[in-house]
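Text of the file entry06.txt, holding compact mmCIF, C-alpha atoms and all ligand atoms:
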```txt
# COMPACT_ATOMS: atom_id res chain seq x y z
CA MET A 24 -24.48 -9.86 97.16
CA LYS A 25 -22.69 -12.35 94.93
CA LYS A 26 -23.23 -11.65 91.25
CA GLY A 27 -22.47 -13.37 87.99
CA ILE A 28 -22.83 -13.18 84.24
CA LEU A 29 -25.57 -15.23 82.66
CA ILE A 30 -24.58 -16.41 79.17
CA LYS A 31 -27.47 -16.72 76.75
CA VAL A 32 -25.90 -18.92 74.14
CA ASP A 33 -28.79 -18.70 71.67
CA LYS A 34 -28.57 -14.90 71.47
CA CYS A 35 -24.86 -14.61 70.72
CA GLY A 36 -24.11 -13.44 67.19
CA GLY A 37 -20.35 -13.96 67.36
CA CYS A 38 -19.35 -10.32 66.80
CA ARG A 39 -16.58 -10.49 69.45
CA GLU A 40 -17.36 -7.03 70.81
CA CYS A 41 -17.20 -8.53 74.30
CA GLU A 42 -13.60 -9.62 73.68
CA ALA A 43 -12.65 -6.22 72.32
CA ILE A 44 -14.17 -4.15 75.10
CA CYS A 45 -12.71 -6.45 77.78
CA SER A 46 -9.19 -6.03 76.45
CA TRP A 47 -9.77 -2.30 76.02
CA VAL A 48 -10.88 -1.57 79.58
CA HIS A 49 -8.43 -3.94 81.25
CA GLY A 50 -5.52 -3.43 78.87
CA LYS A 51 -5.10 0.30 79.25
CA GLY A 52 -6.81 1.28 76.02
CA VAL A 53 -5.44 -1.41 73.71
CA VAL A 54 -7.79 -3.70 71.80
CA ASN A 55 -6.23 -7.15 71.79
CA PRO A 56 -8.67 -9.99 72.44
CA ARG A 57 -5.78 -12.29 73.35
CA ARG A 58 -5.28 -10.11 76.40
CA GLY A 59 -8.96 -10.10 77.35
CA MET A 60 -10.78 -12.31 79.81
CA VAL A 61 -13.65 -13.30 77.54
CA ALA A 62 -13.12 -15.74 74.70
CA VAL A 63 -15.71 -16.34 72.01
CA VAL A 64 -15.35 -19.91 70.80
CA LYS A 65 -16.49 -20.46 67.23
CA LYS A 66 -16.58 -23.80 65.48
CA GLU A 67 -18.23 -22.91 62.23
CA ARG A 68 -18.35 -26.39 60.76
CA GLU A 69 -20.16 -27.72 63.82
CA GLY A 70 -22.32 -24.61 64.11
CA PHE A 71 -21.00 -23.95 67.59
CA LEU A 72 -20.70 -20.45 68.99
CA MET A 73 -20.34 -19.39 72.59
CA PRO A 74 -18.67 -16.72 74.71
CA PHE A 75 -16.58 -18.19 77.55
CA LEU A 76 -15.67 -16.37 80.73
CA CYS A 77 -15.18 -17.08 84.42
CA LEU A 78 -18.33 -18.53 85.97
CA GLN A 79 -17.39 -17.34 89.49
CA CYS A 80 -17.68 -20.92 90.78
CA GLU A 81 -19.16 -21.64 94.18
CA GLU A 82 -16.21 -23.91 95.02
CA PRO A 83 -13.46 -22.45 92.82
CA ALA A 84 -10.69 -24.89 91.95
CA CYS A 85 -8.39 -21.96 91.06
CA LYS A 86 -8.64 -20.60 94.60
CA GLU A 87 -8.10 -24.00 96.17
CA VAL A 88 -4.89 -24.78 94.31
CA CYS A 89 -3.29 -21.35 94.52
CA PRO A 90 -0.17 -21.65 96.71
CA ALA A 91 0.06 -17.89 97.23
CA ASP A 92 -3.54 -17.18 98.29
CA ALA A 93 -3.69 -14.81 95.33
CA ILE A 94 -7.25 -15.61 94.24
CA GLN A 95 -9.40 -13.40 96.40
CA THR A 96 -13.13 -12.72 96.71
CA ASP A 97 -14.51 -9.21 96.30
CA GLU A 98 -16.69 -8.40 99.31
CA GLU A 99 -19.25 -6.39 97.37
CA THR A 100 -19.90 -8.56 94.32
CA GLY A 101 -18.43 -11.90 95.34
CA ALA A 102 -16.24 -11.77 92.23
CA LEU A 103 -13.14 -13.92 92.33
CA PHE A 104 -10.14 -11.83 91.36
CA VAL A 105 -6.37 -12.18 91.16
CA ASP A 106 -4.32 -10.17 93.64
CA SER A 107 -1.43 -9.49 91.28
CA LYS A 108 0.88 -8.48 94.13
CA SER A 109 0.56 -11.94 95.69
CA CYS A 110 0.48 -13.95 92.44
CA ILE A 111 3.77 -15.71 91.66
CA GLY A 112 2.80 -16.65 88.11
CA CYS A 113 2.91 -20.42 88.66
CA ARG A 114 -0.23 -20.99 86.48
CA LEU A 115 -1.66 -23.75 88.68
CA CYS A 116 -4.97 -21.90 88.58
CA MET A 117 -4.98 -22.06 84.78
CA ILE A 118 -4.48 -25.80 84.83
CA SER A 119 -7.21 -26.29 87.42
CA CYS A 120 -9.91 -24.17 85.78
CA PRO A 121 -12.29 -26.52 83.93
CA PHE A 122 -13.39 -23.74 81.59
CA GLY A 123 -10.06 -22.27 80.54
CA ALA A 124 -11.17 -18.93 81.96
CA ILE A 125 -7.78 -17.80 83.28
CA THR A 126 -5.15 -16.24 81.02
CA PHE A 127 -1.41 -15.73 81.48
CA SER A 128 -0.18 -12.24 80.72
CA PRO A 129 3.31 -12.32 79.17
CA GLU A 130 3.73 -8.63 79.98
CA SER A 131 3.11 -8.85 83.71
CA ARG A 132 4.13 -12.53 84.08
CA ARG A 133 0.98 -12.95 86.16
CA VAL A 134 -2.44 -14.41 85.42
CA ILE A 135 -5.58 -12.43 84.65
CA LYS A 136 -9.22 -13.40 84.93
CA CYS A 137 -12.66 -11.82 84.85
CA ASP A 138 -13.37 -9.85 88.03
CA LEU A 139 -16.75 -8.54 86.83
CA CYS A 140 -15.06 -5.18 86.14
CA LYS A 141 -15.05 -4.47 89.87
CA ASP A 142 -12.52 -1.64 89.54
CA VAL A 143 -13.85 -0.28 86.25
CA ALA A 144 -17.59 0.28 86.41
CA ASP A 145 -20.83 -0.71 88.10
CA GLU A 146 -21.38 -3.53 85.64
CA PRO A 147 -19.15 -5.75 83.50
CA GLN A 148 -18.40 -3.93 80.26
CA CYS A 149 -18.91 -7.02 78.09
CA VAL A 150 -22.49 -7.07 79.36
CA LYS A 151 -22.96 -3.37 78.68
CA TRP A 152 -21.63 -3.45 75.11
CA CYS A 153 -22.99 -6.77 73.85
CA PRO A 154 -25.33 -5.73 71.00
CA LYS A 155 -27.38 -8.92 71.25
CA GLU A 156 -27.99 -8.88 75.00
CA ALA A 157 -26.40 -12.31 75.13
CA LEU A 158 -24.75 -11.51 78.46
CA GLU A 159 -26.69 -10.47 81.54
CA TYR A 160 -25.35 -9.30 84.91
CA VAL A 161 -27.51 -10.90 87.57
CA ASP A 162 -27.61 -12.13 91.13
CA TRP A 163 -25.53 -15.26 91.21
CA GLU A 164 -28.49 -17.33 92.39
CA LYS A 165 -30.07 -16.76 88.99
CA VAL A 166 -27.00 -18.19 87.30
CA ARG A 167 -26.97 -21.14 89.66
CA LEU A 168 -30.66 -21.90 89.29
CA ARG A 169 -30.54 -22.15 85.50
CA PRO A 170 -28.14 -25.05 85.02
CA LYS A 171 -30.00 -26.46 82.05
CA GLU A 172 -29.52 -23.24 80.13
CA SER A 173 -25.97 -22.65 81.26
CA ALA A 174 -23.11 -22.13 78.89
CA VAL A 175 -21.28 -25.15 80.21
CA THR A 176 -24.23 -27.45 79.67
CA ALA A 177 -24.63 -26.16 76.13
CA PHE A 178 -20.94 -26.68 75.48
CA VAL A 179 -20.89 -30.24 76.80
CA LYS A 180 -24.02 -31.08 74.79
CA LYS A 181 -22.57 -29.65 71.61
CA MET A 182 -19.27 -31.46 72.06
CA GLY A 183 -21.16 -34.70 72.60
CA GLU A 184 -22.99 -34.17 69.30
CA GLY A 185 -19.71 -33.57 67.50
S1 LIG B 1 -20.63 -9.19 72.21
FE1 LIG B 1 -22.44 -10.47 72.61
S2 LIG B 1 -23.13 -11.16 70.59
FE2 LIG B 1 -21.03 -10.40 70.33
S3 LIG B 1 -19.74 -12.27 70.59
FE3 LIG B 1 -19.89 -11.29 72.61
S4 LIG B 1 -21.63 -12.32 73.63
FE4 LIG B 1 -21.78 -12.76 71.42
S1 LIG B 2 -0.63 -18.14 88.82
FE1 LIG B 2 -0.95 -16.74 90.57
S2 LIG B 2 -3.16 -16.83 91.02
FE2 LIG B 2 -2.65 -18.62 89.73
S3 LIG B 2 -2.25 -20.31 91.19
FE3 LIG B 2 -0.24 -19.35 90.72
S4 LIG B 2 0.02 -17.79 92.32
FE4 LIG B 2 -2.17 -18.36 92.34
```
Transcribe the structure of this file into structure tokens.
Amino acid sequence: MKKGILIKVDKCGGCRECEAICSWVHGKGVVNPRRGMVAVVKKEREGFLMPFLCLQCEEPACKEVCPADAIQTDEETGALFVDSKSCIGCRLCMISCPFGAITFSPESRRVIKCDLCKDVADEPQCVKWCPKEALEYVDWEKVRLRPKESAVTAFVKKMGEG
């Protein structure tokens, strides 16, 4: 069954533990949020705070533009993931992602993105370690059916106010 991470913007306290644990589990034990797949965006003057990560889109632009068929779908969770053996590092997926949820790794010369920790644990580790329960691992339908509370909607609204 396809799953996703529900972002509860109002609960986030901005501690960045999600960034740290993501880089730790995917970066072979090194904490470096720049190498993680979650990014907490803070705009203190505007009072804006929100964790960003891949929304596992229903019609993913990254997958459509990839010339190497390197964006694959995990059969169990429906997570979109990068097959690093097929990826040629062209970064077209980065350009196409409307949420900036794909990162280029200078070490591997390939892109990385959230895969819901499919090879790490039964649940995404950012969800597990968030002290505010601002991230929830749910059936994807629940993410889809709450568009008014979605992270993207909150972001667009906030940017419009700014
Ligand atoms: S760990 Fe939770 S509370 Fe802390 S920044 Fe990430 S989403 Fe927000
Ligand atoms: S960087 Fe890799 S995954 Fe992204 S579009 Fe290019 S080949 Fe596909």
Neighbours of ligand LIG 1 (chain B) at 7 Å or closer, counting all atoms listed in the file: which residues, as a list of chain:residue names?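 If we count all atoms listed in the file, the neighbours of ligand LIG 1 (chain B) turn out to be A:Lys34, A:Cys35, A:Gly36, A:Gly37, A:Cys38, A:Arg39, A:Glu40, A:Cys41, A:Glu42, A:Val63, A:Met73, A:Pro74, A:Cys149, A:Trp152, A:Cys153, A:Pro154, A:Lys155, A:Glu156, A:Ala157, A:Leu158.
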Distance query Glu159 in chain A at most 9 Å, all atoms listed in the file, self and fewer than 3 positions along chain excluded, as an NGL selection string: :A and (27-31 or 150-151 or 156)
What is the CA of Val105 in chain A to CA of Phe127 in chain A distance in Å?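 That distance, rounded to one decimal, is 11.4 Å.
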What does the distance from CA of Gly70 in chain A to CA of Ser46 in chain A come to in Å, to one decimal?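 For CA of Gly70 in chain A relative to CA of Ser46 in chain A, the distance reads 25.9 Å.
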Report, as AutoDock Vina command-line options, the axis-aligned box around all atoms of ligand LIG 2 (chain B) present in the file, extended by 8 Å on each side; give centre and edge lengths in Å to one decimal place.
```
--center_x -1.6 --center_y -18.5 --center_z 90.6 --size_x 19.2 --size_y 19.6 --size_z 19.5
```
Could you please extract the residues within 8 Å of ligand LIG 2 (chain B), counting all atoms listed in the file, and hand them back as a PDB file with C-alpha atoms, keeping the file's coordinate frame?
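Writing done, so here's out_27.pdb:
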```pdb
ATOM      1  CA  CYS A  85      -8.390 -21.960  91.060  1.00  0.00           C
ATOM      2  CA  LYS A  86      -8.640 -20.600  94.600  1.00  0.00           C
ATOM      3  CA  VAL A  88      -4.890 -24.780  94.310  1.00  0.00           C
ATOM      4  CA  CYS A  89      -3.290 -21.350  94.520  1.00  0.00           C
ATOM      5  CA  PRO A  90      -0.170 -21.650  96.710  1.00  0.00           C
ATOM      6  CA  ALA A  91       0.060 -17.890  97.230  1.00  0.00           C
ATOM      7  CA  ASP A  92      -3.540 -17.180  98.290  1.00  0.00           C
ATOM      8  CA  ALA A  93      -3.690 -14.810  95.330  1.00  0.00           C
ATOM      9  CA  ILE A  94      -7.250 -15.610  94.240  1.00  0.00           C
ATOM     10  CA  VAL A 105      -6.370 -12.180  91.160  1.00  0.00           C
ATOM     11  CA  ASP A 106      -4.320 -10.170  93.640  1.00  0.00           C
ATOM     12  CA  SER A 107      -1.430  -9.490  91.280  1.00  0.00           C
ATOM     13  CA  SER A 109       0.560 -11.940  95.690  1.00  0.00           C
ATOM     14  CA  CYS A 110       0.480 -13.950  92.440  1.00  0.00           C
ATOM     15  CA  ILE A 111       3.770 -15.710  91.660  1.00  0.00           C
ATOM     16  CA  GLY A 112       2.800 -16.650  88.110  1.00  0.00           C
ATOM     17  CA  CYS A 113       2.910 -20.420  88.660  1.00  0.00           C
ATOM     18  CA  ARG A 114      -0.230 -20.990  86.480  1.00  0.00           C
ATOM     19  CA  LEU A 115      -1.660 -23.750  88.680  1.00  0.00           C
ATOM     20  CA  CYS A 116      -4.970 -21.900  88.580  1.00  0.00           C
ATOM     21  CA  MET A 117      -4.980 -22.060  84.780  1.00  0.00           C
ATOM     22  CA  PHE A 127      -1.410 -15.730  81.480  1.00  0.00           C
ATOM     23  CA  ARG A 133       0.980 -12.950  86.160  1.00  0.00           C
ATOM     24  CA  VAL A 134      -2.440 -14.410  85.420  1.00  0.00           C
TER      25      VAL A 134
END
```
Separation of CA of Val166 in chain A from CA of Glu82 in chain A in Å: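 Interatomic distance here is 14.4 Å.
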Can you find the residues with an atom no farther than 8 Å from (-23.8, -12.6, 95.3), counting only C-alpha atoms, and report them as a ChimeraX atom specification? /A:24-27,99-101,162-164
Closest to Lys108 in chain A among A:Val161, A:Gln95, A:Asp138, A:Val48, using all atoms listed in the file?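 Selected residue with least distance to Lys108 in chain A: A:Gln95.
Distances from A:Ile125, A:Leu168, A:Cys120, A:Leu103 to Gly59 in chain A were compared using only C-alpha atoms, and the smallest one belongs to A:Ile125.
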